[in-house]
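Asks: Right, I'll just put the structure down here and ask away after.
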Amino acid sequence: MDVNQFFAAGINYKKTDASIRGQFAVNPEQYALVLCKAAQAGIRELFVLSTCNRTEIYGLAPDAETLMALLCSQTTGSIEDFTELAYVKRGMEAIEHFFNVGAGLDSQILGDYEIVGQIKQAIKFSKEYGFIGAFLERLYNTVLQSSKAIKGETELSSGTVSVSFAAIQFLKQQLTQPANKKIVLLGTGKIGRNTCKNLVDYLGCRRITLINRTDEKAAALAGELGLQYALYSDLEQQVTEADVVVVATHAEGPVFSKQLLENSGSKILIDLSIPNNIDPAAGLLPHITLVNVDGLSKINDETLQKRLEEVPHAKAIITTHIGEFVEWCGMRRHVPALKAARQKLMELQQCGLFLATHPHIADSDVDKHSEMVQKVINNMALRMRRQQLPGCSYIEAINDFFTVRVN
């Protein structure tokens, strides 16, 4: 397997703000269309990672431009803008980048472990459409192993630091008695649920009203946490009456506008969505305080400093796992030769010379024959890995076949 056919191209928080990233965010419907177009283009292994911090496309392709064109065919942002803003990585650089992303080293909040769940979802979606082959399957699994080792052996993800928790720290900075404030939380998915639990656990908030586009989901979470919920049709009234509004939805644009807030009282608005689900213009109103994921990521504490000290240890773990993956890639190149050798050995079992040199093995003893072939193939694979001489290993395998013994 030639790793130089593997590309990663994307944009993230380092060079683009939330409004730009929103133009290239990919929802499930767009993701499905990207994969359909990939099939037409002859691409067989590919996945898209779209989060609040990044939109990236990974795949085996003739060039990165092919992947970027596929991605941008379904985004509101143009291929020209994406090309200007994107980073493009190839081969080992792309592989290392994916390991760093999976470890949380490339996250907006260092060590944010939520990225692992997002990667799993991205791979699962692509796999359902048949775009995760041997290369990406192995790479993905090795990245997960590396990420798990980093989480277990380092303090990179220690403490409570995430975008949802940063929202809690922001409210602590802005309010003297947050537990007394009326809070409306729109969106009860993973981020919304985590934020809601943090509001309860860390700020003691109980005056929380949950709203979701699907009313039943809001009711279910409210019942679980002992909170209130309101119908989605009552959103505007609830926002008007609230002291704090937290939005964590997957809408393609703002769910309420600046106009709704012009005559309201003072409010804090927290937008945890990409693209922005609160009209950024609302932040211009003198009585409105608005913060989005980019603003929240700047909130720092001692936990982040401790995490920085763990980066070298995490990098060392990644290096080990990359080495294992590269070794596997090298062995994949030898698969055709190993298959050919196995077939030839199976044929040689029937020849007179083999029967004469192995009189202790009966013709009918299938298990012994299979064990012998497997032992020879294992030895051949070992030599090929160490010596990188497939032709010589093939000849040696034939010689082994007539001399190897099995119990």
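Letters A, B, ... mark the chains of the structure tokens in the order given; residue numbers begin at 1 per chain; ligand numbers begin at 1, in order shown.
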Which residues come within 10 Å of Glu65 of chain A, counting only C-alpha atoms, excluding same-chain residues fewer than 2 positions away, as a ChimeraX atom specification?
Replies: /A:7,9,61-63,67-71,79,83,88
Asks: Report as JSON lines the residues of segment 133-195 of chain A within 7 Å of segment 307-310 of chain A, each with its shortest atom pair and distance in Å (one decimal), using only C-alpha atoms, ordered by chain and increasing residue number.
Replies:
```
{"residue": "A:Thr154", "atom": "CA", "partner": "A:Glu310", "partner_atom": "CA", "distance": 6.4}
{"residue": "A:Glu155", "atom": "CA", "partner": "A:Glu310", "partner_atom": "CA", "distance": 6.1}
{"residue": "A:Leu156", "atom": "CA", "partner": "A:Arg307", "partner_atom": "CA", "distance": 4.6}
{"residue": "A:Ser157", "atom": "CA", "partner": "A:Arg307", "partner_atom": "CA", "distance": 6.9}
```
Asks: Which residues are near Thr240 of chain A? Cut-off 8 Å, only C-alpha atoms, ignore same chain within fewer than 6 positions. Put them as a VMD selection string.
Replies: chain A and resid 260 to 261 264 to 265
Asks: Emit the selected residues as a short mmCIF file (atom, residue, chain, number, x, y, z; two decimals), in the first residue's frame, including N, CA, C and O atoms.
Replies:
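So the final result, stored in result36.cif, reads:
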```cif
data_model
loop_
_atom_site.label_atom_id
_atom_site.label_comp_id
_atom_site.auth_asym_id
_atom_site.auth_seq_id
_atom_site.Cartn_x
_atom_site.Cartn_y
_atom_site.Cartn_z
N LEU A 260 -35.64 39.93 17.19
CA LEU A 260 -36.34 39.35 18.33
C LEU A 260 -35.81 39.90 19.65
O LEU A 260 -36.55 39.98 20.64
N LEU A 261 -34.55 40.31 19.67
CA LEU A 261 -33.89 40.71 20.91
C LEU A 261 -33.80 42.22 21.10
O LEU A 261 -33.36 42.68 22.16
N SER A 264 -35.79 43.41 24.14
CA SER A 264 -35.77 42.53 25.30
C SER A 264 -34.88 43.12 26.39
O SER A 264 -34.19 44.12 26.19
N GLY A 265 -34.86 42.45 27.54
CA GLY A 265 -33.98 42.88 28.61
C GLY A 265 -32.56 42.38 28.36
O GLY A 265 -32.26 41.75 27.33
#
```
Asks: Give the alpha helix (DSSP H) residues of segment 158-365 of chain A, as assigned by DSSP on the backbone, as a PyMOL selection string.
Replies: chain A and resi 163-174+190-203+215-225+235-241+258-261+293-296+302-309+311-332+335-348+352-357
Asks: Residues of segment 215-305 of chain A that have any atom at most 9 Å from an atom of segment 105-122 of chain A: could you tabulate them with the shortest-distance atom pair and the distance in Å to one decimal, using only C-alpha atoms, ordered by chain and increasing number, as JSON lines?
Replies:
```
{"residue": "A:Asp294", "atom": "CA", "partner": "A:Gln108", "partner_atom": "CA", "distance": 8.3}
{"residue": "A:Ser297", "atom": "CA", "partner": "A:Ile109", "partner_atom": "CA", "distance": 6.0}
{"residue": "A:Lys298", "atom": "CA", "partner": "A:Ile109", "partner_atom": "CA", "distance": 8.4}
{"residue": "A:Asn300", "atom": "CA", "partner": "A:Ile109", "partner_atom": "CA", "distance": 8.9}
{"residue": "A:Leu304", "atom": "CA", "partner": "A:Leu110", "partner_atom": "CA", "distance": 6.9}
```
Asks: Measuring between only C-alpha atoms, which one of A:Phe165, A:Tyr229, A:Tyr202, A:Phe135 shows the shortest distance to Val3 of chain A?
Replies: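 Comparing A:Phe165, A:Tyr229, A:Tyr202, A:Phe135 against Val3 of chain A, the winner is A:Phe135.
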Asks: Got a sec: who's within 12 Å of Gln238 of chain A, counting only C-alpha atoms, leaving out chain neighbours fewer than 3 positions off, as a PyMOL selection string?
Replies: chain A and resi 182-186+208-211+228-235+241-246+256+260-261+264
Asks: Compile the contact shell of segment 127-129 of chain A as a count of residues only: residues with an atom at most 12 Å away, counting only C-alpha atoms, same-chain residues fewer than 3 positions apart removed.
Replies: 25
Asks: What does the structure give for the distance between atom CA of Ser146 of chain A and atom CA of Ile318 of chain A, in Å to one decimal?
Replies: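 Between atom CA of Ser146 of chain A and atom CA of Ile318 of chain A the gap is 5.9 Å.
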